[in-house]
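What follows is a single structure, written as C-alpha cells, with notes after it.
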Amino acid sequence: MKQNFKKVLLIVPSKIVARGIEAVLGELGEFRVEGILSDLSHASATRLHNMDADVIIIDPVVFDYVSRMNVRARISEYSSAPVIALKTAPMSDEQIRQFDGTISMYDEPVAMVRKLRESLASHEDAPETEGPELSAREKEILVCVAKGMLNKEIADVCNLSIHTVITHRKNITRKTGIKTVAGLTVYALLNNLVDPDSIGL
Amino acid sequence: MTKENGKIVFSESMKLADLIDMNWHLLNVLSRLDIGLGFRENTISEVCAEQGINLNAFLLICNVYTYDDYVPSAELLSGADPATIVDYLHNSHAFYLDKAFTSLEESIAAMVEPCDDLQKKIVARFFADYRAQVENHFAYEENVVFPYVRSLKDSTSREGYTIEQFEENHSNIDETLHDLKNIVMKYLPDTCDTVQRNEVLYRIFRLEEDLAKHTIVEDTVLIPLVNRIEDSVK
C-alpha cells in the first residue's frame, strides 16, 4: 500500500526540535519527515540534493548571522522545493521574506500543516522551468554569463527583471552543478553555446 | 584514545602507528610536520618529544583531520603552540602548490590529449585561473596572517591587525574546484579516456578533502588559538 505523503526535509540543529516536528507531523499524516540534517555542511548539502524533498523546513540559526540573508540562495542551489523557515529566534521582515513561508515552534500542529500546505500550493503556481536539461531561456542567459555580463546587463538585453535573471542563474547552477562564472564559461564553450572568439580564446 | 564530550578522540598515549592505521590520511600530516617514518612502537607523545613537535598542536591537527565535527577542547588549545600550527599550514601550502597542483595539472593534460586544441585550451585556462586564485589566497596568508601569528609569540602585539580580519578575508576557493570536478565528470567530450578521467577525479576528490580539512584547521584551531592570545595580551 503506497501512501501519498509529502516528503519533508528538516534542517534543524536541535535534535529535540527535529524529533518534535517529526512526531507532530507524523500524527497528522499528509506530511512526513524523511530526512533530518543538523547543518549545511558539504555532506548534508549532498543529501539535500539527492533527497528530492517536497518541502524543506529550516531553522535559520544553522547559518551564522552575517550569511543568513543568503540562506535561501544556498538551498536553491541544491533543491527546488519550497523552503519554510522555522522561527526559533527573532527574525527581521527582510529575512522572513526570502522564505516561502514561516512556521513557529508555538504553532498548533493543525496550523503548522495548513501553513505547509499553503506554501506548497503557492510554490507550485510559480513558474518553474523543470527538466534536467537547460531550457532555451537558460541557455541564452548562460551565454551572457559566459561573456562576462552582469545581472543588470543581462536583464536589459533579455528584457527580464533582475530577479528573474537571478532565478534563471540559480536554476542553471542547480542543473549543471557548476557555480562559478569561470566554470559556466567552460560549460558553454564545451557545449558550443558560445563563440570562443567572443571571450578571447 | 580518550573521550572528549562523549566522543572518542586521539590521545598522547596512543602508538603513532595505530593512529596512522586508524586514518591513513594522517600520513600527510606527518610529512608536513617533518615527522619521518620508522617510529617503531613509540607513542604520540614520545615521537613528538623526540622530534621537538608541540604535542597539543599535533593532537589538534590529527583530531580535526580525522573527526568531522571535532571541536577542540579548551584544555588542548591552551597548551598548543600557534607556531606549530602555522608551520603545518605553511607546509600544506607548499604541498598543494608544488605537488598536488602540479600532478593534477599533468593528469589533466594527459586526459585532454585526445581533444581538439580549443577544448585543451579551455580546460587549461580554467585550471590556470583556479591555480592563480589559490596562489593569491595562500599568498595573503603567507604574507599577512602567518607573520602576524608568529609575531604574537614575542608578545609585542602588532598594531592594526587582528585575526578577525583573517576571518573576513577567508574567501572560498573550493567552488572552482567543485566546478572542475563536475566538468570532468559530466561534460568533457567522449574522446577522453575514462581511466584518465578517473585519475583526474581521484586527484580532485583527494585535494578537495584535504583543502577542506586545511580550512577547518584554520577556522577551528588557528583562529580560536590566536583569539586567546590576543585576549590575553590586551
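Here, A, B, ... name the chains of the C-alpha cells in the order displayed, residue numbers run from 1 inside each chain, and ligands are numbered from 1 in the same displayed order.
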
**OP:** Write out as a ChimeraX atom specification each polymer residue whose atoms come within 12 Å of segment 111-122 of chain A, counting only C-alpha atoms; drop sequence neighbours fewer than 5 positions from it.
**Re:** /A:5-8,21-22,24-32,53-57,80-87,99-106,127-128

What would the file look like if the residues just selected were written as an mmCIF file, in the first residue's frame with C-alpha atoms?
data_model
loop_
_atom_site.group_PDB
_atom_site.id
_atom_site.type_symbol
_atom_site.label_atom_id
_atom_site.label_comp_id
_atom_site.auth_asym_id
_atom_site.auth_seq_id
_atom_site.Cartn_x
_atom_site.Cartn_y
_atom_site.Cartn_z
ATOM 1 C CA PHE A 5 2.840 11.597 1.836
ATOM 2 C CA LYS A 6 4.626 14.817 1.081
ATOM 3 C CA LYS A 7 8.288 14.375 1.868
ATOM 4 C CA VAL A 8 9.680 16.855 4.372
ATOM 5 C CA ILE A 21 8.280 18.219 14.429
ATOM 6 C CA GLU A 22 8.666 14.702 13.119
ATOM 7 C CA VAL A 24 3.700 16.178 15.297
ATOM 8 C CA LEU A 25 3.621 15.830 11.519
ATOM 9 C CA GLY A 26 3.597 12.045 11.787
ATOM 10 C CA GLU A 27 0.442 12.108 13.878
ATOM 11 C CA LEU A 28 -1.442 14.242 11.402
ATOM 12 C CA GLY A 29 -0.404 12.462 8.201
ATOM 13 C CA GLU A 30 -0.118 14.284 4.872
ATOM 14 C CA PHE A 31 3.453 15.404 5.611
ATOM 15 C CA ARG A 32 6.168 13.036 6.687
ATOM 16 C CA ALA A 53 12.077 16.612 -0.821
ATOM 17 C CA ASP A 54 8.680 18.202 -1.457
ATOM 18 C CA VAL A 55 9.230 20.809 1.211
ATOM 19 C CA ILE A 56 12.190 21.894 3.324
ATOM 20 C CA ILE A 57 11.863 23.269 6.841
ATOM 21 C CA SER A 80 13.850 23.458 -5.998
ATOM 22 C CA ALA A 81 11.464 22.593 -3.133
ATOM 23 C CA PRO A 82 9.804 25.419 -1.183
ATOM 24 C CA VAL A 83 11.762 26.422 1.906
ATOM 25 C CA ILE A 84 9.917 27.192 5.129
ATOM 26 C CA ALA A 85 11.662 28.977 7.980
ATOM 27 C CA LEU A 86 11.159 27.602 11.451
ATOM 28 C CA LYS A 87 11.208 30.602 13.735
ATOM 29 C CA PHE A 99 11.491 32.098 2.528
ATOM 30 C CA ASP A 100 8.384 30.563 1.017
ATOM 31 C CA GLY A 101 6.686 30.586 4.407
ATOM 32 C CA THR A 102 7.324 30.521 8.127
ATOM 33 C CA ILE A 103 6.165 28.348 10.948
ATOM 34 C CA SER A 104 6.723 28.832 14.635
ATOM 35 C CA MET A 105 7.577 26.357 17.350
ATOM 36 C CA TYR A 106 4.454 27.566 19.127
ATOM 37 C CA PRO A 127 6.670 29.495 -13.000
ATOM 38 C CA GLU A 128 9.365 26.863 -12.809
#

**OP:** Specify as JSON, numbers by chain all residues of chain A found within 9 Å of chain B, counting only C-alpha atoms.
**Re:** {"A": [176, 177, 178, 179, 180, 182, 183, 184, 185, 186, 187, 189, 190, 191, 196, 201]}

Those same residues - N, CA and C atoms - I'd like them written as a PDB file, in the first residue's frame.
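Output below, filename part07.pdb:
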ATOM      1  N   THR A 176      23.348  22.118 -13.634  1.00  0.00           N
ATOM      2  CA  THR A 176      24.677  21.725 -14.107  1.00  0.00           C
ATOM      3  C   THR A 176      25.626  21.359 -12.976  1.00  0.00           C
ATOM      4  N   GLY A 177      25.331  21.817 -11.770  1.00  0.00           N
ATOM      5  CA  GLY A 177      26.266  21.610 -10.659  1.00  0.00           C
ATOM      6  C   GLY A 177      27.445  22.555 -10.727  1.00  0.00           C
ATOM      7  N   ILE A 178      27.393  23.561 -11.593  1.00  0.00           N
ATOM      8  CA  ILE A 178      28.517  24.485 -11.755  1.00  0.00           C
ATOM      9  C   ILE A 178      28.157  25.855 -11.186  1.00  0.00           C
ATOM     10  N   LYS A 179      29.023  26.364 -10.318  1.00  0.00           N
ATOM     11  CA  LYS A 179      28.678  27.571  -9.567  1.00  0.00           C
ATOM     12  C   LYS A 179      29.388  28.826 -10.040  1.00  0.00           C
ATOM     13  N   THR A 180      30.621  28.690 -10.478  1.00  0.00           N
ATOM     14  CA  THR A 180      31.397  29.898 -10.774  1.00  0.00           C
ATOM     15  C   THR A 180      31.202  30.342 -12.221  1.00  0.00           C
ATOM     16  N   ALA A 182      33.580  31.238 -14.202  1.00  0.00           N
ATOM     17  CA  ALA A 182      34.611  30.559 -14.995  1.00  0.00           C
ATOM     18  C   ALA A 182      34.145  29.150 -15.392  1.00  0.00           C
ATOM     19  N   GLY A 183      33.526  28.448 -14.442  1.00  0.00           N
ATOM     20  CA  GLY A 183      33.041  27.096 -14.714  1.00  0.00           C
ATOM     21  C   GLY A 183      31.916  27.105 -15.729  1.00  0.00           C
ATOM     22  N   LEU A 184      31.010  28.081 -15.589  1.00  0.00           N
ATOM     23  CA  LEU A 184      29.884  28.173 -16.526  1.00  0.00           C
ATOM     24  C   LEU A 184      30.385  28.507 -17.935  1.00  0.00           C
ATOM     25  N   THR A 185      31.449  29.295 -17.988  1.00  0.00           N
ATOM     26  CA  THR A 185      32.036  29.626 -19.286  1.00  0.00           C
ATOM     27  C   THR A 185      32.577  28.364 -19.958  1.00  0.00           C
ATOM     28  N   VAL A 186      33.259  27.539 -19.170  1.00  0.00           N
ATOM     29  CA  VAL A 186      33.778  26.275 -19.724  1.00  0.00           C
ATOM     30  C   VAL A 186      32.621  25.417 -20.220  1.00  0.00           C
ATOM     31  N   TYR A 187      31.575  25.357 -19.441  1.00  0.00           N
ATOM     32  CA  TYR A 187      30.397  24.576 -19.836  1.00  0.00           C
ATOM     33  C   TYR A 187      29.843  25.077 -21.171  1.00  0.00           C
ATOM     34  N   LEU A 189      31.333  26.765 -23.495  1.00  0.00           N
ATOM     35  CA  LEU A 189      32.278  26.516 -24.589  1.00  0.00           C
ATOM     36  C   LEU A 189      32.251  25.052 -25.019  1.00  0.00           C
ATOM     37  N   LEU A 190      32.287  24.151 -24.040  1.00  0.00           N
ATOM     38  CA  LEU A 190      32.336  22.721 -24.377  1.00  0.00           C
ATOM     39  C   LEU A 190      31.049  22.273 -25.063  1.00  0.00           C
ATOM     40  N   ASN A 191      29.977  22.992 -24.806  1.00  0.00           N
ATOM     41  CA  ASN A 191      28.708  22.624 -25.436  1.00  0.00           C
ATOM     42  C   ASN A 191      28.406  23.486 -26.673  1.00  0.00           C
ATOM     43  N   PRO A 196      34.038  30.983 -29.219  1.00  0.00           N
ATOM     44  CA  PRO A 196      35.254  31.186 -28.429  1.00  0.00           C
ATOM     45  C   PRO A 196      35.928  32.530 -28.681  1.00  0.00           C
ATOM     46  N   LEU A 201      39.332  33.530 -26.737  1.00  0.00           N
ATOM     47  CA  LEU A 201      40.078  32.269 -26.843  1.00  0.00           C
ATOM     48  C   LEU A 201      40.504  31.997 -28.283  1.00  0.00           C
TER      49      LEU A 201
END

Subject >> Leu225 of chain B environment, 8 Å, only C-alpha atoms, sequence neighbours closer than 2 positions dropped, as a VMD selection string >> reply: chain B and resid 77 to 78 80 82 221 to 223 227 to 229

**OP:** Excluding segment 47-64 of chain B and residues on its chain fewer than 3 positions from it, collect all residues at most 6 Å away from it, counting only C-alpha atoms, and give them as a VMD selection string.
**Re:** chain B and resid 44 67 70 76 80

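If you look at atom CA of Thr164 of chain A and atom CA of Asn151 of chain A, they are 9.7 Å away from each other.
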
**OP:** Determine which residues of segment 9-156 of chain B receive a DSSP assignment of helix (DSSP H, G or I), computed from the backbone, and state them as a PyMOL selection string.
**Re:** chain B and resi 16-22+26-32+44-51+55-66+74-78+82-111+117-152

**OP:** Would you work out the distance separating atom CA of Leu201 of chain B from atom CA of Met185 of chain B, expressed in Å to one decimal?
**Re:**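 Separating atom CA of Leu201 of chain B from atom CA of Met185 of chain B is a distance of 7.4 Å.
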
Would you pick out the contacts of Val165 of chain A at 9 Å or less, using only C-alpha atoms, so that residues sharing its chain but fewer than 6 positions from it are not included, and give the list as an mmCIF file with N, CA and C atoms, in the first residue's frame?
data_model
loop_
_atom_site.group_PDB
_atom_site.id
_atom_site.type_symbol
_atom_site.label_atom_id
_atom_site.label_comp_id
_atom_site.auth_asym_id
_atom_site.auth_seq_id
_atom_site.Cartn_x
_atom_site.Cartn_y
_atom_site.Cartn_z
ATOM 1 N N ILE A 141 20.764 32.883 -21.228
ATOM 2 C CA ILE A 141 21.355 33.596 -20.091
ATOM 3 C C ILE A 141 22.754 33.080 -19.785
ATOM 4 N N ASN A 151 24.377 40.785 -14.046
ATOM 5 C CA ASN A 151 22.934 40.503 -13.995
ATOM 6 C C ASN A 151 22.097 41.652 -14.564
ATOM 7 N N LYS A 152 22.505 42.867 -14.226
ATOM 8 C CA LYS A 152 21.772 44.043 -14.690
ATOM 9 C C LYS A 152 21.796 44.111 -16.220
ATOM 10 N N ILE A 154 22.318 41.633 -18.306
ATOM 11 C CA ILE A 154 21.566 40.505 -18.856
ATOM 12 C C ILE A 154 20.073 40.835 -18.834
ATOM 13 N N ALA A 155 19.640 41.420 -17.710
ATOM 14 C CA ALA A 155 18.228 41.776 -17.573
ATOM 15 C C ALA A 155 17.803 42.743 -18.683
ATOM 16 N N CYS A 158 17.883 40.861 -22.233
ATOM 17 C CA CYS A 158 16.845 39.839 -22.383
ATOM 18 C C CYS A 158 15.458 40.363 -22.025
#

**OP:** Show which residues sit within 10 Å of segment 16-30 of chain B, as a count of residues only. Count only C-alpha atoms, and ignore same-chain residues fewer than 5 positions away.
**Re:** 31

Original post:
Just how far from atom CA of Ala73 of chain A is atom CA of Leu37 of chain A, in Å to one decimal?
Top reply: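 Separation between atom CA of Leu37 of chain A and atom CA of Ala73 of chain A: 17.6 Å.
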
Subject >> For Tyr96 of chain B: contacts at 10 Å, only C-alpha atoms, fewer than 2 positions along chain excluded, given as a PyMOL selection string >> reply: chain B and resi 91-94+98-104+131+134-135+207+210-211
